[in-house]
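Take a look at the structure set out below.
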Amino acid sequence: MSCLALAVNRNSGFKLAAALTIAFAALLAQGQADSAARSLLNGAAVEYLFPEQVTVTAGKASEVELHFRIAQGMHINSHAPKDEFLIPTTFSIPDGLGVRLERVNYPDGKDFTLPLDPQNKLSVYTEEFVLQARIVAEAGNHLVEAKLRYQACEKSVCLPPKTIPVAIDVIGK
Amino acid sequence: MSALKRNSLVLIAVLFIFATFAWAGWANFEYRKQAAERLLASVSKGELVQDPAGGTPVYVSPLVGKAAPAFALEDLSGNKVSLGSYKGKAVLVNFWATWCAPCKIETPWLVELRDQYAAQGFEILGISSEGDGVGKDDKAAWEKDKTTIAKSAQQMHMQYPVLIDGDSISDQWGSLDELPMSFFVDRTGKVVAVQMGLTSKADIEGNIKKALGN
C-alpha cells in the first residue's frame, strides 16, 4: 500500500515538475516577446556596454575591443549583409577628437532566416557582439563620442536605421 | 545731443523692440508648432497591447474608425498623388522601406491581392519611409533615395503607385517607427483596420475585404 502511495506520489511529482518546467518556459518566452515589444516601442535595440575608458600608447596604433548588447528577440544587420538594400552596421569616430580610427574588424554575421521566408538567409548580429577597433590617440585625455549606425528588426517588424553615441574616455600616454 | 542723434537713438531702440517682439513671436510659433506635432503624433500613435491569451502583442491604433489623414506625396515620376483622389475606392496605405526585410516578404502578397481585388475597386499606395531624415533640400541624397526606392520597387514588381517621403507624413499616421505598417481605408475614406508588422496573406486579405465592405 505504502509502495503504491509512493509510486503515485512520485508520478504526481513528475507531473508537477513537468508542469512547472512548461510554465517556466512559457514565462521565459513571454518575457522575450515582452522584451522585443518594449524594444520596438522605445526604439532602443542596441546598447553600448564597455569599456568606458581605455589607456593606450600615444601616437601608436592600439586595438580596443568594444562590447555591445542587442535587445532580446531583436537582430541587426552585420557589417556585410547579404542583400544590397540592407543597411550594414558601421562604427565611426568623428575627426578632430584627438583619436583616429584606423580600421574596424567586424565579427562575421550569423545566418538568420525569418519564419515566413526560410530560404532567404540574412547575415545578422544578435545578443552580444564585439568590434575590434584599431585607434591612434594623441597624448592627453580625449572624451570621444564615437558612433554606431545600425538597423534593427525582430522577426516581423523593422525599426528605422539609427545612430547611437558610443562614449569612450581615451587616455593617450 | 543733437536732435538728429536723439532721433537715431530712438529709432534704433524702436527697431530693437520690434525685432525682439518679432523674434519672440517666431519662437512662440515654432514652439507651438512642435508641441502640436508632438501632440498629433502621440494622439495618432498606436500601442502594442498584450494578448490576454499569451500570444504575440497586438497593435491597436487610435486611427481605426476615424477619417484617414490626408496626404499628397510624389510618386517615382515626380507626380503628386493624394489619398483624397481615391475616394470611392478601398485603399491599402502600406508604409514600407527598402531596408525592411519583412516588407520584402509581404510585398509579393500585396501585388497578388491587388490583382485579385482591383476589379472590385481596390488600390494599394506603397509609401516608402526610409527613416533617414532626407528631405528635398538635400538634392543629392533625395535623388539617391529615389533611385534606390525605384530599383527596389522594380525588383519586387510593385505595379501599384509607389510614393516617396513617407517620413514627412509620419506624425499624422502615428509616428511609423515600425515597418511594415498597413492602414486599410474604406470607400468613404475611413480607416477600418491597421496591421503592424508581417502577419499573413490571409490577414491582409481579410482586411482588404473589410475595406471593400465585402
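Chain labels A, B, ... are given in the sequence in which chains occur in the C-alpha cells; within each chain residues are numbered consecutively from 1, and ligands are likewise numbered from 1 in the order shown.
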Show me, as a Markdown table, the residues of chain B having an atom within 8 Å of chain A, each with the closest atom pair and its distance in Å, using only C-alpha atoms.
```
| residue | atom | partner | partner_atom | distance |
| --- | --- | --- | --- | --- |
| B:Glu47 | CA | A:Leu41 | CA | 7.9 |
| B:Leu48 | CA | A:Ala37 | CA | 7.2 |
| B:Gly54 | CA | A:Gln30 | CA | 7.1 |
| B:Thr56 | CA | A:Ala33 | CA | 6.9 |
| B:Pro57 | CA | A:Ala37 | CA | 7.3 |
| B:Thr98 | CA | A:Phe85 | CA | 5.9 |
| B:Trp99 | CA | A:Leu86 | CA | 4.5 |
| B:Cys100 | CA | A:Cys158 | CA | 6.0 |
| B:Ala101 | CA | A:Cys158 | CA | 7.6 |
| B:Pro102 | CA | A:Ser156 | CA | 5.7 |
| B:Ile105 | CA | A:Asp117 | CA | 6.9 |
| B:Glu130 | CA | A:Pro160 | CA | 7.1 |
| B:Gly131 | CA | A:Pro160 | CA | 5.3 |
| B:Asp132 | CA | A:Pro161 | CA | 7.0 |
| B:Thr148 | CA | A:Phe85 | CA | 7.9 |
| B:Ser152 | CA | A:Phe85 | CA | 7.8 |
| B:Asp177 | CA | A:Leu159 | CA | 5.9 |
| B:Glu178 | CA | A:Leu159 | CA | 5.0 |
| B:Leu179 | CA | A:Cys158 | CA | 5.2 |
| B:Pro180 | CA | A:Val157 | CA | 6.4 |
| B:Met196 | CA | A:Val157 | CA | 7.5 |
| B:Gly197 | CA | A:Val157 | CA | 4.7 |
| B:Leu198 | CA | A:Ser156 | CA | 4.7 |
| B:Thr199 | CA | A:Ser156 | CA | 7.3 |
```
Near-Val64 in chain B list (7 Å; only C-alpha atoms; drop same-chain fewer than 4 positions) as number ranges by chain: B: 191-194
d(CA of Glu143 in chain B, CA of Asp165 in chain B) in Å: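 Here the two named atoms are 11.6 Å from each other.
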Selected residue, from A:Ala133, A:Ile70, A:Leu49, A:Val124, that lies nearest to Ser92 in chain A when counting only C-alpha atoms: A:Ala133
Every residue of range 33-179 of chain B that DSSP places in helix (DSSP H, G or I), as a PyMOL selection string: chain B and resi 33-44+83-86+101-120+139-155+166-169
Export of prior selection with C-alpha atoms as a PDB file, in the first residue's frame:
```pdb
ATOM      1  CA  LYS B  33       4.075  74.074 -33.903  1.00  0.00           C
ATOM      2  CA  GLN B  34       6.419  71.485 -32.398  1.00  0.00           C
ATOM      3  CA  ALA B  35       4.075  70.931 -29.449  1.00  0.00           C
ATOM      4  CA  ALA B  36       1.161  70.428 -31.877  1.00  0.00           C
ATOM      5  CA  GLU B  37       3.208  67.924 -33.918  1.00  0.00           C
ATOM      6  CA  ARG B  38       4.159  66.036 -30.763  1.00  0.00           C
ATOM      7  CA  LEU B  39       0.533  66.011 -29.652  1.00  0.00           C
ATOM      8  CA  LEU B  40      -0.625  64.838 -33.076  1.00  0.00           C
ATOM      9  CA  ALA B  41       1.940  62.039 -33.091  1.00  0.00           C
ATOM     10  CA  SER B  42       1.008  60.936 -29.580  1.00  0.00           C
ATOM     11  CA  VAL B  43      -2.717  61.045 -30.368  1.00  0.00           C
ATOM     12  CA  SER B  44      -2.309  59.013 -33.586  1.00  0.00           C
ATOM     13  CA  LEU B  83      -5.219  59.885 -50.888  1.00  0.00           C
ATOM     14  CA  GLY B  84      -8.299  62.052 -51.493  1.00  0.00           C
ATOM     15  CA  SER B  85      -8.232  61.231 -55.197  1.00  0.00           C
ATOM     16  CA  TYR B  86      -9.017  57.582 -54.362  1.00  0.00           C
ATOM     17  CA  ALA B 101      13.265  42.548 -44.794  1.00  0.00           C
ATOM     18  CA  PRO B 102       9.698  41.688 -43.619  1.00  0.00           C
ATOM     19  CA  CYS B 103       8.371  44.222 -46.179  1.00  0.00           C
ATOM     20  CA  LYS B 104      10.058  42.175 -48.916  1.00  0.00           C
ATOM     21  CA  ILE B 105       8.143  39.083 -47.833  1.00  0.00           C
ATOM     22  CA  GLU B 106       4.854  40.964 -47.675  1.00  0.00           C
ATOM     23  CA  THR B 107       5.119  42.823 -50.998  1.00  0.00           C
ATOM     24  CA  PRO B 108       4.550  39.844 -53.351  1.00  0.00           C
ATOM     25  CA  TRP B 109       1.350  39.095 -51.384  1.00  0.00           C
ATOM     26  CA  LEU B 110       0.248  42.708 -51.891  1.00  0.00           C
ATOM     27  CA  VAL B 111       0.957  42.507 -55.620  1.00  0.00           C
ATOM     28  CA  GLU B 112      -1.188  39.347 -55.897  1.00  0.00           C
ATOM     29  CA  LEU B 113      -4.006  40.732 -53.758  1.00  0.00           C
ATOM     30  CA  ARG B 114      -4.095  43.959 -55.727  1.00  0.00           C
ATOM     31  CA  ASP B 115      -4.508  41.983 -58.973  1.00  0.00           C
ATOM     32  CA  GLN B 116      -7.217  39.878 -57.340  1.00  0.00           C
ATOM     33  CA  TYR B 117      -9.319  42.750 -55.940  1.00  0.00           C
ATOM     34  CA  ALA B 118      -8.604  45.660 -58.323  1.00  0.00           C
ATOM     35  CA  ALA B 119     -11.794  44.989 -60.287  1.00  0.00           C
ATOM     36  CA  GLN B 120     -13.827  45.496 -57.102  1.00  0.00           C
ATOM     37  CA  LYS B 139      19.082  67.141 -53.672  1.00  0.00           C
ATOM     38  CA  ALA B 140      21.858  64.539 -53.950  1.00  0.00           C
ATOM     39  CA  ALA B 141      20.565  62.423 -51.055  1.00  0.00           C
ATOM     40  CA  TRP B 142      16.962  62.793 -52.286  1.00  0.00           C
ATOM     41  CA  GLU B 143      17.876  61.547 -55.769  1.00  0.00           C
ATOM     42  CA  LYS B 144      19.930  58.684 -54.297  1.00  0.00           C
ATOM     43  CA  ASP B 145      16.961  57.641 -52.135  1.00  0.00           C
ATOM     44  CA  LYS B 146      14.660  57.877 -55.144  1.00  0.00           C
ATOM     45  CA  THR B 147      16.939  55.689 -57.259  1.00  0.00           C
ATOM     46  CA  THR B 148      17.194  53.054 -54.518  1.00  0.00           C
ATOM     47  CA  ILE B 149      13.418  53.045 -53.977  1.00  0.00           C
ATOM     48  CA  ALA B 150      12.778  52.744 -57.730  1.00  0.00           C
ATOM     49  CA  LYS B 151      15.227  49.844 -58.019  1.00  0.00           C
ATOM     50  CA  SER B 152      13.693  48.028 -55.052  1.00  0.00           C
ATOM     51  CA  ALA B 153      10.146  48.623 -56.332  1.00  0.00           C
ATOM     52  CA  GLN B 154      11.125  47.288 -59.746  1.00  0.00           C
ATOM     53  CA  GLN B 155      12.731  44.178 -58.272  1.00  0.00           C
ATOM     54  CA  GLY B 166       6.530  58.839 -46.097  1.00  0.00           C
ATOM     55  CA  ASP B 167       8.576  60.278 -43.230  1.00  0.00           C
ATOM     56  CA  SER B 168       7.005  63.695 -43.897  1.00  0.00           C
ATOM     57  CA  ILE B 169       3.524  62.368 -43.012  1.00  0.00           C
TER      58      ILE B 169
END
```
Per-residue DSSP, range 63-151 of chain A, filtered to strand (DSSP E), as a PyMOL selection string: chain A and resi 63-70+75-77+90-92+99-105+110-114+117-125+128-137+140-150
Polymer residues at most 8 Å from range 208-214 of chain B, only C-alpha atoms, same-chain spacing of 2 or more positions, as an MDAnalysis selection string: chainID B and resid 89:92 120:122 184:187 192:193 204:206
Coordinates-based distance that separates CA of Phe129 in chain A from CA of Arg69 in chain A (Å, one decimal):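 Those two atoms sit 6.5 Å apart.
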Selection: 9 Å around Glu47 in chain A, only C-alpha atoms, excl. self and same-chain fewer than 3 positions, as a list in words: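 Neighbouring residues, sequence-local ones excluded: Ala44, His67, Phe68, Arg69, Ile70, Ala71, Ile164 and Val166 of chain A.
What separates CA of Val10 in chain B from CA of Ala27 in chain B is a distance of 25.5 Å.
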